[in-house]
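Coordinates as given in start_21.cif (mmCIF, C-alpha atoms):
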data_protein
#
loop_
_atom_site.label_atom_id
_atom_site.label_comp_id
_atom_site.auth_asym_id
_atom_site.auth_seq_id
_atom_site.Cartn_x
_atom_site.Cartn_y
_atom_site.Cartn_z
CA MET A 1 17.83 -1.56 30.12
CA ASN A 2 17.09 0.74 27.25
CA ALA A 3 18.97 4.05 27.51
CA ALA A 4 15.95 6.14 26.55
CA ILE A 5 13.79 4.53 29.22
CA GLU A 6 16.61 4.99 31.73
CA ALA A 7 16.83 8.70 30.88
CA LEU A 8 13.05 9.18 31.03
CA SER A 9 12.99 7.42 34.39
CA ALA A 10 15.74 9.71 35.72
CA VAL A 11 13.91 12.83 34.53
CA SER A 12 10.66 11.58 36.03
CA LEU A 13 12.27 10.74 39.39
CA LEU A 14 14.08 14.07 39.63
CA SER A 15 11.04 16.18 38.69
CA GLY A 16 8.91 14.13 41.07
CA GLY A 17 11.32 14.92 43.90
CA PHE A 18 11.27 18.56 42.84
CA PHE A 19 7.46 18.76 42.98
CA ALA A 20 7.40 16.96 46.34
CA VAL A 21 9.78 19.55 47.81
CA VAL A 22 7.85 22.43 46.18
CA GLY A 23 4.60 21.14 47.69
CA ALA A 24 6.21 20.89 51.12
CA ILE A 25 7.62 24.43 50.77
CA GLY A 26 4.11 25.60 49.92
CA LEU A 27 2.82 23.80 52.99
CA LEU A 28 5.11 26.06 55.02
CA ARG A 29 4.68 29.29 53.07
CA MET A 30 0.93 29.45 52.55
CA PRO A 31 -1.05 31.63 54.97
CA ASP A 32 -4.07 29.51 55.93
CA LEU A 33 -5.35 25.93 56.02
CA TYR A 34 -7.07 25.78 52.62
CA THR A 35 -4.19 27.31 50.69
CA ARG A 36 -1.87 24.90 52.47
CA MET A 37 -4.04 22.05 51.28
CA HIS A 38 -3.66 23.27 47.69
CA ALA A 39 0.12 23.19 48.12
CA ALA A 40 0.04 19.73 49.67
CA SER A 41 -2.01 18.39 46.78
CA VAL A 42 0.82 19.34 44.41
CA ALA A 43 3.17 17.10 46.37
CA GLU A 44 0.60 14.34 46.67
CA THR A 45 -0.53 14.15 43.06
CA LEU A 46 2.25 15.24 40.75
CA GLY A 47 5.18 14.67 43.14
CA ALA A 48 4.22 11.16 44.20
CA GLY A 49 2.82 10.36 40.77
CA LEU A 50 6.03 11.24 38.91
CA LEU A 51 8.19 9.41 41.45
CA LEU A 52 6.11 6.27 41.14
CA PHE A 53 6.11 6.60 37.36
CA GLY A 54 9.91 6.81 37.37
CA LEU A 55 10.12 3.67 39.50
CA LEU A 56 7.59 1.97 37.24
CA LEU A 57 9.81 2.61 34.22
CA GLN A 58 12.68 0.92 36.05
CA ALA A 59 10.54 -2.02 37.15
CA GLY A 60 9.05 -2.69 33.73
CA ILE A 61 6.14 -5.09 33.28
CA THR A 62 6.70 -7.24 36.36
CA LEU A 63 4.94 -7.94 39.62
CA ASN A 64 6.76 -4.99 41.14
CA GLY A 65 5.44 -2.79 38.37
CA ALA A 66 1.90 -3.96 39.13
CA LYS A 67 2.42 -3.14 42.80
CA LEU A 68 3.67 0.33 41.88
CA ILE A 69 0.55 0.88 39.78
CA MET A 70 -1.54 -0.21 42.76
CA LEU A 71 0.31 2.30 44.95
CA GLY A 72 -0.44 5.03 42.41
CA LEU A 73 -4.12 4.10 42.22
CA LEU A 74 -4.29 4.05 46.01
CA ILE A 75 -2.92 7.60 46.17
CA PHE A 76 -5.17 8.83 43.38
CA PHE A 77 -8.35 7.39 44.90
CA ALA A 78 -7.67 7.92 48.59
CA SER A 79 -5.95 11.29 48.72
CA PRO A 80 -8.88 13.37 47.38
CA THR A 81 -11.20 11.54 49.76
CA ALA A 82 -9.00 12.39 52.74
CA SER A 83 -8.57 15.98 51.51
CA HIS A 84 -12.30 16.40 51.06
CA ALA A 85 -13.01 15.00 54.53
CA LEU A 86 -10.41 17.35 56.00
CA ALA A 87 -11.71 20.43 54.17
CA ARG A 88 -15.29 19.60 55.05
CA ALA A 89 -14.50 19.04 58.72
CA ALA A 90 -12.60 22.33 58.88
CA PHE A 91 -15.42 24.09 57.03
CA THR A 92 -18.09 22.85 59.45
CA ARG A 93 -15.92 23.82 62.40
CA ALA A 94 -14.97 27.30 61.24
CA PRO A 95 -16.51 28.38 57.92
CA GLU A 96 -15.25 31.95 58.32
CA HIS A 97 -11.67 30.74 57.85
CA ALA A 98 -12.42 29.69 54.30
CA VAL A 99 -13.46 33.15 53.20
CA VAL A 100 -10.22 35.03 53.64
CA ALA A 101 -9.97 37.71 50.98
CA GLN A 102 -13.44 36.96 49.77
CA GLU A 103 -14.62 39.29 47.07
CA PRO A 104 -17.82 38.56 45.21
CA PRO A 105 -16.50 36.06 42.67
CA PRO A 106 -17.60 36.87 39.13
CA SER A 107 -19.00 33.45 38.41
CA THR A 108 -21.48 32.74 41.21
CA ARG A 109 -25.00 31.98 40.26
CA MET B 1 22.46 7.99 42.24
CA ILE B 2 19.15 9.25 40.84
CA LEU B 3 17.32 7.13 43.39
CA LEU B 4 19.45 8.63 46.15
CA ALA B 5 18.53 12.13 44.97
CA ALA B 6 14.84 11.22 44.92
CA ALA B 7 15.08 9.76 48.42
CA ALA B 8 16.85 12.91 49.63
CA ALA B 9 14.15 15.12 48.10
CA LEU B 10 11.47 13.05 49.81
CA LEU B 11 13.29 13.33 53.13
CA VAL B 12 13.48 17.12 52.75
CA ALA B 13 9.75 17.25 51.93
CA ALA B 14 8.98 15.06 54.94
CA ALA B 15 11.07 17.32 57.18
CA LEU B 16 9.23 20.42 55.94
CA ALA B 17 5.89 18.71 56.55
CA LEU B 18 7.09 17.86 60.05
CA VAL B 19 7.84 21.54 60.68
CA ARG B 20 4.29 22.42 59.60
CA ALA B 21 2.93 19.72 61.89
CA ALA B 22 4.88 21.22 64.77
CA LEU B 23 3.82 24.80 63.97
CA GLY B 24 0.15 23.96 63.56
CA PRO B 25 -1.72 26.20 64.40
CA SER B 26 -5.01 24.29 64.10
CA VAL B 27 -5.50 20.57 64.41
CA PHE B 28 -6.49 20.46 60.73
CA ASP B 29 -3.15 21.95 59.69
CA ARG B 30 -1.40 19.27 61.68
CA LEU B 31 -3.56 16.59 60.09
CA GLN B 32 -2.82 17.85 56.59
CA ALA B 33 0.88 17.85 57.46
CA ALA B 34 0.58 14.32 58.81
CA ASN B 35 -1.14 13.23 55.61
CA THR B 36 1.59 14.73 53.45
CA LEU B 37 4.22 13.18 55.69
CA GLY B 38 2.51 9.83 55.29
CA THR B 39 2.46 10.10 51.51
CA CYS B 40 6.16 11.05 51.53
CA ALA B 41 6.96 8.08 53.76
CA MET B 42 5.00 5.75 51.50
CA VAL B 43 6.79 6.83 48.32
CA LEU B 44 10.09 6.84 50.23
CA LEU B 45 9.49 3.20 51.17
CA ALA B 46 9.01 2.35 47.50
CA VAL B 47 12.18 4.26 46.54
CA MET B 48 14.14 2.53 49.31
CA GLY B 49 13.00 -0.82 48.01
CA PHE B 50 14.52 -0.04 44.63
CA LEU B 51 17.60 1.54 46.19
CA ASN B 52 18.42 -1.58 48.20
CA GLY B 53 17.18 -4.01 45.58
CA ARG B 54 14.57 -5.36 47.95
CA PRO B 55 11.19 -5.16 46.26
CA ASP B 56 9.45 -6.47 49.40
CA PHE B 57 9.42 -2.86 50.51
CA LEU B 58 6.63 -2.23 48.01
CA ASP B 59 4.27 -4.33 50.12
CA LEU B 60 5.21 -2.25 53.16
CA ALA B 61 4.47 0.89 51.15
CA LEU B 62 1.03 -0.42 50.17
CA VAL B 63 0.13 -1.25 53.76
CA TYR B 64 1.49 2.08 54.94
CA GLY B 65 -0.62 3.94 52.39
CA LEU B 66 -3.79 2.15 53.46
CA LEU B 67 -3.07 2.82 57.14
CA ASN B 68 -2.34 6.46 56.37
CA VAL B 69 -5.75 7.06 54.82
CA ILE B 70 -7.59 5.18 57.55
CA GLY B 71 -5.63 7.05 60.22
CA VAL B 72 -6.44 10.48 58.81
CA VAL B 73 -10.15 9.72 58.42
CA ALA B 74 -10.30 8.21 61.91
CA VAL B 75 -8.68 11.25 63.54
CA LEU B 76 -10.98 13.53 61.54
CA LYS B 77 -14.03 11.64 62.72
CA PHE B 78 -12.75 11.86 66.25
CA PHE B 79 -12.36 15.62 66.08
CA ARG B 80 -15.65 16.18 64.32
CA TYR B 81 -17.88 13.97 66.38
CA GLY B 82 -15.90 13.52 69.55
CA GLY B 83 -15.77 9.74 69.15
CA LEU B 84 -14.96 6.95 66.76
CA GLY B 85 -18.02 4.78 67.10
CA ARG B 86 -21.01 6.75 65.83
CA SER B 87 -21.53 7.01 62.13
CA ASP B 88 -24.56 9.28 62.52
CA GLY B 89 -23.07 12.18 64.39
CA PRO B 90 -24.72 15.58 64.71
CA ALA B 91 -25.75 16.90 61.35
CA PRO B 92 -23.30 19.45 59.98
CA MET C 1 -14.42 15.36 16.19
CA SER C 2 -16.66 13.04 14.25
CA SER C 3 -14.77 10.09 15.65
CA VAL C 4 -15.42 11.39 19.16
CA VAL C 5 -19.12 11.70 18.45
CA SER C 6 -19.38 8.24 16.99
CA GLU C 7 -17.38 6.87 19.90
CA GLN C 8 -19.83 8.54 22.26
CA LYS C 9 -22.81 7.10 20.41
CA SER C 10 -21.47 3.56 20.43
CA GLY C 11 -20.53 4.00 24.09
CA GLU C 12 -24.05 5.07 24.92
CA ARG C 13 -25.59 2.15 23.10
CA GLN C 14 -23.19 -0.19 24.88
CA ARG C 15 -23.97 1.32 28.25
CA ALA C 16 -27.71 1.17 27.66
CA ALA C 17 -27.31 -2.52 26.86
CA ILE C 18 -25.18 -3.11 29.95
CA SER C 19 -27.13 -1.06 32.48
CA THR C 20 -30.33 -2.87 31.63
CA ALA C 21 -28.51 -6.20 31.65
CA ALA C 22 -25.93 -5.78 34.41
CA PRO C 23 -27.47 -7.86 37.16
CA THR C 24 -25.96 -8.22 40.56
CA ALA C 25 -24.61 -11.63 39.58
CA LEU C 26 -22.44 -10.12 36.84
CA ARG C 27 -21.20 -7.43 39.22
CA ALA C 28 -20.45 -10.03 41.89
CA LEU C 29 -18.50 -12.07 39.35
CA SER C 30 -16.52 -8.98 38.41
CA VAL C 31 -15.81 -8.20 42.08
CA TRP C 32 -14.63 -11.77 42.61
CA ALA C 33 -12.33 -11.63 39.56
CA THR C 34 -10.90 -8.29 40.67
CA LEU C 35 -10.22 -9.59 44.17
CA LEU C 36 -8.57 -12.73 42.80
CA VAL C 37 -6.30 -10.69 40.51
CA PHE C 38 -5.44 -8.47 43.50
CA TRP C 39 -4.51 -11.57 45.52
CA LEU C 40 -2.42 -13.06 42.71
CA LEU C 41 -0.54 -9.78 42.17
CA LEU C 42 0.24 -9.36 45.85
CA SER C 43 1.19 -12.96 46.50
CA GLY C 44 3.61 -13.62 43.64
CA MET C 45 3.74 -17.31 44.55
CA TYR C 46 1.69 -19.58 42.35
CA THR C 47 1.31 -22.95 44.04
CA PRO C 48 -2.06 -24.68 43.65
CA PHE C 49 -2.76 -24.30 47.36
CA LEU C 50 -2.18 -20.55 47.39
CA ILE C 51 -4.24 -19.97 44.25
CA ALA C 52 -7.08 -22.02 45.70
CA ALA C 53 -6.83 -20.11 48.99
CA GLY C 54 -7.00 -16.84 47.06
CA ALA C 55 -10.07 -17.97 45.15
CA GLY C 56 -11.70 -19.05 48.42
CA CYS C 57 -10.94 -15.76 50.15
CA ALA C 58 -12.28 -13.85 47.16
CA ILE C 59 -15.50 -15.88 47.34
CA ALA C 60 -15.80 -15.15 51.06
CA VAL C 61 -15.26 -11.40 50.60
CA THR C 62 -17.73 -11.28 47.71
CA ALA C 63 -20.31 -13.14 49.80
CA ILE C 64 -19.87 -10.70 52.69
CA ALA C 65 -20.12 -7.73 50.31
CA LEU C 66 -23.29 -9.20 48.80
CA ARG C 67 -24.77 -9.67 52.25
CA MET C 68 -23.94 -6.03 53.08
CA ARG C 69 -25.58 -5.01 49.78
CA LEU C 70 -22.42 -3.20 48.72
CA ILE C 71 -22.36 -4.56 45.18
CA ASP C 72 -24.35 -2.13 43.09
CA ARG C 73 -23.58 0.53 40.51
CA GLU C 74 -22.12 2.75 43.22
CA GLY C 75 -19.95 0.12 44.87
CA HIS C 76 -18.54 -1.48 41.75
CA PRO C 77 -19.20 0.67 38.69
CA ILE C 78 -18.25 -1.67 35.85
CA ASP C 79 -20.69 0.24 33.64
CA LEU C 80 -18.13 3.00 33.26
CA GLY C 81 -16.02 0.40 31.53
CA VAL C 82 -12.95 1.15 29.49
CA ARG C 83 -14.10 4.66 28.67
CA ALA C 84 -13.06 5.81 32.13
CA PHE C 85 -9.55 4.52 31.49
CA PHE C 86 -9.00 5.68 27.94
CA TRP C 87 -11.16 8.75 27.69
CA TYR C 88 -11.55 10.39 31.11
CA TRP C 89 -8.34 9.55 32.99
CA PRO C 90 -5.87 10.80 30.35
CA TRP C 91 -7.73 14.09 30.21
CA LEU C 92 -7.79 14.30 34.03
CA LEU C 93 -4.05 13.54 34.18
CA LYS C 94 -3.38 16.32 31.68
CA GLU C 95 -5.43 18.76 33.79
CA ILE C 96 -3.62 17.68 36.96
CA VAL C 97 -0.19 18.22 35.42
CA LYS C 98 -1.25 21.58 34.02
CA SER C 99 -2.69 22.97 37.25
CA ALA C 100 0.05 21.41 39.41
CA CYS C 101 2.63 23.33 37.38
CA GLN C 102 0.59 26.52 37.85
CA VAL C 103 0.30 26.01 41.60
CA ALA C 104 4.02 25.16 41.83
CA GLY C 105 4.75 28.44 40.05
CA VAL C 106 2.56 30.31 42.54
CA ILE C 107 4.32 28.64 45.48
CA LEU C 108 7.80 29.49 44.20
CA HIS C 109 6.83 33.05 43.21
CA PRO C 110 8.52 35.47 45.65
CA LYS C 111 5.31 37.50 46.13
CA LEU C 112 3.02 34.47 46.58
CA PRO C 113 0.28 35.78 44.24
CA ILE C 114 -2.72 33.96 45.66
CA ALA C 115 -6.33 35.09 45.63
CA PRO C 116 -8.16 32.40 47.60
CA ARG C 117 -11.93 32.38 47.31
CA VAL C 118 -14.92 30.12 47.72
CA VAL C 119 -17.05 29.41 44.66
CA ARG C 120 -20.48 27.78 44.57
CA PHE C 121 -21.90 26.23 41.43
CA GLU C 122 -24.41 23.62 40.39
CA PRO C 123 -23.07 20.29 39.08
CA SER C 124 -25.09 18.65 36.32
CA GLN C 125 -24.73 15.09 37.68
CA ARG C 126 -27.66 13.54 39.49
CA SER C 127 -26.38 10.14 40.66
CA ALA C 128 -24.14 9.76 43.69
CA LEU C 129 -21.51 8.05 41.53
CA GLY C 130 -21.25 10.97 39.10
CA LEU C 131 -21.14 13.50 41.95
CA VAL C 132 -18.35 11.58 43.66
CA ILE C 133 -16.32 11.34 40.44
CA HIS C 134 -16.78 15.06 39.84
CA ALA C 135 -15.95 16.11 43.41
CA ASN C 136 -12.91 13.83 43.60
CA SER C 137 -11.68 15.13 40.25
CA ILE C 138 -11.98 18.71 41.52
CA THR C 139 -10.09 17.88 44.71
CA LEU C 140 -7.44 15.87 42.87
CA THR C 141 -6.65 18.84 40.64
CA PRO C 142 -4.24 21.07 42.57
CA GLY C 143 -5.58 24.58 43.11
CA THR C 144 -9.18 23.56 43.73
CA ILE C 145 -10.64 21.67 46.70
CA CYS C 146 -14.23 20.54 46.88
CA ILE C 147 -15.47 21.38 50.37
CA GLU C 148 -19.15 20.48 50.17
CA ALA C 149 -20.69 18.15 47.58
CA THR C 150 -24.47 17.91 47.43
CA PRO C 151 -26.65 17.14 44.37
CA GLY C 152 -27.68 20.76 43.91
CA GLU C 153 -24.52 22.58 44.89
CA PHE C 154 -20.74 22.23 45.04
CA VAL C 155 -18.77 24.47 47.38
CA VAL C 156 -15.24 24.71 46.04
CA HIS C 157 -12.21 26.54 47.42
CA ALA C 158 -9.95 27.90 44.71
CA LEU C 159 -6.41 29.18 45.13
CA THR C 160 -6.31 31.68 42.28
CA ALA C 161 -8.74 33.79 40.27
CA GLU C 162 -8.14 31.68 37.15
CA GLY C 163 -8.91 28.51 39.08
CA ALA C 164 -12.14 30.05 40.37
CA ALA C 165 -13.12 31.32 36.92
CA SER C 166 -13.10 27.80 35.48
CA LEU C 167 -15.60 26.62 38.09
CA VAL C 168 -18.96 27.55 36.60
CA ALA C 169 -21.98 25.41 35.87
CA GLY C 170 -21.35 23.35 32.74
CA ASN C 171 -17.54 23.64 32.66
CA GLU C 172 -15.49 21.09 30.76
CA MET C 173 -14.92 18.75 33.71
CA ASP C 174 -18.63 18.86 34.52
CA GLN C 175 -19.56 17.97 30.94
CA ARG C 176 -17.02 15.19 30.75
CA VAL C 177 -18.14 13.61 34.02
CA SER C 178 -21.75 13.81 32.90
CA ARG C 179 -20.89 12.07 29.65
CA LEU C 180 -18.93 9.43 31.57
CA GLU C 181 -21.80 8.94 33.98
CA GLY C 182 -24.26 8.43 31.16
CA GLY C 183 -27.65 10.06 30.69
CA GLU C 184 -29.38 10.02 34.04
#
Hey, can you dump this file as structure tokens for me?
Amino acid sequence: MNAAIEALSAVSLLSGGFFAVVGAIGLLRMPDLYTRMHAASVAETLGAGLLLFGLLLQAGITLNGAKLIMLGLLIFFASPTASHALARAAFTRAPEHAVVAQEPPPSTR
Amino acid sequence: MILLAAAAALLVAAALALVRAALGPSVFDRLQAANTLGTCAMVLLAVMGFLNGRPDFLDLALVYGLLNVIGVVAVLKFFRYGGLGRSDGPAP
Amino acid sequence: MSSVVSEQKSGERQRAAISTAAPTALRALSVWATLLVFWLLLSGMYTPFLIAAGAGCAIAVTAIALRMRLIDREGHPIDLGVRAFFWYWPWLLKEIVKSACQVAGVILHPKLPIAPRVVRFEPSQRSALGLVIHANSITLTPGTICIEATPGEFVVHALTAEGAASLVAGNEMDQRVSRLEGGE
């Protein structure tokens, strides 16, 4: 395998692992549900995305590469849907939780 | 070596998500933690496939990802409407 | 810039041609082809029997989807075409990387400088497809989560003040999704 691709794959895998851990740390550190969801979306988009991209560079243009792309597409289409469903369900249950530290935002209509 | 490091990072992330799932406090926090845990497990499956040189694991990862999404939405529906069957629950 | 404009013009002409002439049959054919490619990629074994079985299964699934009336612009938006891949997705990826780095910085900051707030604004899309693309793009970008998505109003939770400030009517994402969606 090409050395440059190998190096890029290593960088991508390591930074993907880093973002996954950072997102999980945020999941623990953040004070309420919605802020935790922001942290989790870091792990789910950039963390998983970079890890899959690193694997894709190792797989090359093969069937395995195609499957990795499918995994990535699955994450990128399904995870916002699940997040939105979760946020909406929590919002209908307890809308007051969403407005922690609510000041009149400058940009409302 | 790099793959091992990535797998270790994913395991750490999964463990942290598990702690959040245990701490809660609300059911939605636990669900978000479960979703993150599921994503970690799915990518970990893919990494393990490459680590062991067994690309069949990618199929497992695909199926796991699909089940993860369906599971989260099903549990959400259950907690919002109190059942899995009705698609026209009480209007929000 | 001029190349972007001309690209937009040709895209619009193309889409006008397609959306008047994209009958359900063409969409069904596209669904069938997509399903068959999906089968072939997952199977990895190319004996005549397995390929024929895949084609048969794809026909069955397409027939069921047709019977459920799932194959329309919303269910299988081929009208978006290659522009979604080459024009919208790269930009979205760039935004995701940018805001993910910002949110990661906030998480690792010792003081946790968050200013969570809920923002309401009016999206410019009118079709369900455009609204879904817009809402999913907002949620996919770390730091903003779309809570409520209705034609007249989006309710978005933002992690920081900068994230909230970018969510006004007619922001860049809104404009891009509207251009992707096509004049409706």
request  = Could you list the residues in chain C lying within 10 Å of chain A, using all atoms listed in the file, and format the result as a ChimeraX atom specification?
outcome  = /C:38,40-44,93,96-108,112,114-122,132-133,135-149,155-161,164-169
Restricting the output to C-alpha atoms, write the selected residues as a short mmCIF file (atom, residue, chain, number, x, y, z; two decimals), in the coordinates of the input.
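Once written, result-v7.cif looks like this:
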data_model
loop_
_atom_site.label_atom_id
_atom_site.label_comp_id
_atom_site.auth_asym_id
_atom_site.auth_seq_id
_atom_site.Cartn_x
_atom_site.Cartn_y
_atom_site.Cartn_z
CA PHE C 38 -5.44 -8.47 43.50
CA LEU C 40 -2.42 -13.06 42.71
CA LEU C 41 -0.54 -9.78 42.17
CA LEU C 42 0.24 -9.36 45.85
CA SER C 43 1.19 -12.96 46.50
CA GLY C 44 3.61 -13.62 43.64
CA LEU C 93 -4.05 13.54 34.18
CA ILE C 96 -3.62 17.68 36.96
CA VAL C 97 -0.19 18.22 35.42
CA LYS C 98 -1.25 21.58 34.02
CA SER C 99 -2.69 22.97 37.25
CA ALA C 100 0.05 21.41 39.41
CA CYS C 101 2.63 23.33 37.38
CA GLN C 102 0.59 26.52 37.85
CA VAL C 103 0.30 26.01 41.60
CA ALA C 104 4.02 25.16 41.83
CA GLY C 105 4.75 28.44 40.05
CA VAL C 106 2.56 30.31 42.54
CA ILE C 107 4.32 28.64 45.48
CA LEU C 108 7.80 29.49 44.20
CA LEU C 112 3.02 34.47 46.58
CA ILE C 114 -2.72 33.96 45.66
CA ALA C 115 -6.33 35.09 45.63
CA PRO C 116 -8.16 32.40 47.60
CA ARG C 117 -11.93 32.38 47.31
CA VAL C 118 -14.92 30.12 47.72
CA VAL C 119 -17.05 29.41 44.66
CA ARG C 120 -20.48 27.78 44.57
CA PHE C 121 -21.90 26.23 41.43
CA GLU C 122 -24.41 23.62 40.39
CA VAL C 132 -18.35 11.58 43.66
CA ILE C 133 -16.32 11.34 40.44
CA ALA C 135 -15.95 16.11 43.41
CA ASN C 136 -12.91 13.83 43.60
CA SER C 137 -11.68 15.13 40.25
CA ILE C 138 -11.98 18.71 41.52
CA THR C 139 -10.09 17.88 44.71
CA LEU C 140 -7.44 15.87 42.87
CA THR C 141 -6.65 18.84 40.64
CA PRO C 142 -4.24 21.07 42.57
CA GLY C 143 -5.58 24.58 43.11
CA THR C 144 -9.18 23.56 43.73
CA ILE C 145 -10.64 21.67 46.70
CA CYS C 146 -14.23 20.54 46.88
CA ILE C 147 -15.47 21.38 50.37
CA GLU C 148 -19.15 20.48 50.17
CA ALA C 149 -20.69 18.15 47.58
CA VAL C 155 -18.77 24.47 47.38
CA VAL C 156 -15.24 24.71 46.04
CA HIS C 157 -12.21 26.54 47.42
CA ALA C 158 -9.95 27.90 44.71
CA LEU C 159 -6.41 29.18 45.13
CA THR C 160 -6.31 31.68 42.28
CA ALA C 161 -8.74 33.79 40.27
CA ALA C 164 -12.14 30.05 40.37
CA ALA C 165 -13.12 31.32 36.92
CA SER C 166 -13.10 27.80 35.48
CA LEU C 167 -15.60 26.62 38.09
CA VAL C 168 -18.96 27.55 36.60
CA ALA C 169 -21.98 25.41 35.87
#
request  = Up to 7 Å from chain A, what residues of chain B turn up? Count only C-alpha atoms and give them as a ChimeraX atom specification.
outcome  = /B:2,6,9-10,12-13,16-17,20,28-29,32,36,39,43,55,58,62,69,72-73,76,80,92
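The shortest atom-to-atom distance to Asn35 of chain B, with all atoms listed in the file taken into account, belongs to B:Val75 out of B:Val47, B:Leu60, B:Leu23, B:Val75.
Between atom CA of Glu6 of chain A and atom CA of Phe50 of chain B there is a distance of 14.0 Å.
As for atom CA of Leu37 of chain B and atom CA of Gly60 of chain A, they are spaced 27.5 Å apart.
Relative to atom CA of Ala34 of chain B, atom CA of Val19 of chain B is found at 10.4 Å.
Nearest to Glu74 of chain C of all the residues C:Ser127, C:Val61, C:Tyr46, C:Tyr88 is C:Ser127, counting only C-alpha atoms.
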request  = Just give me the residues with any atom within 12 Å of (-3.9, -18.9, 50.1), file coordinates, counting all atoms listed in the file, written as a ChimeraX atom specification.
outcome  = /C:36,39-40,42-58
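Between chain C and the candidates B:Val63, B:Val27, B:Ala21, B:Ala41, the tightest atom-to-atom separation, counting all atoms listed in the file, involves B:Val63.
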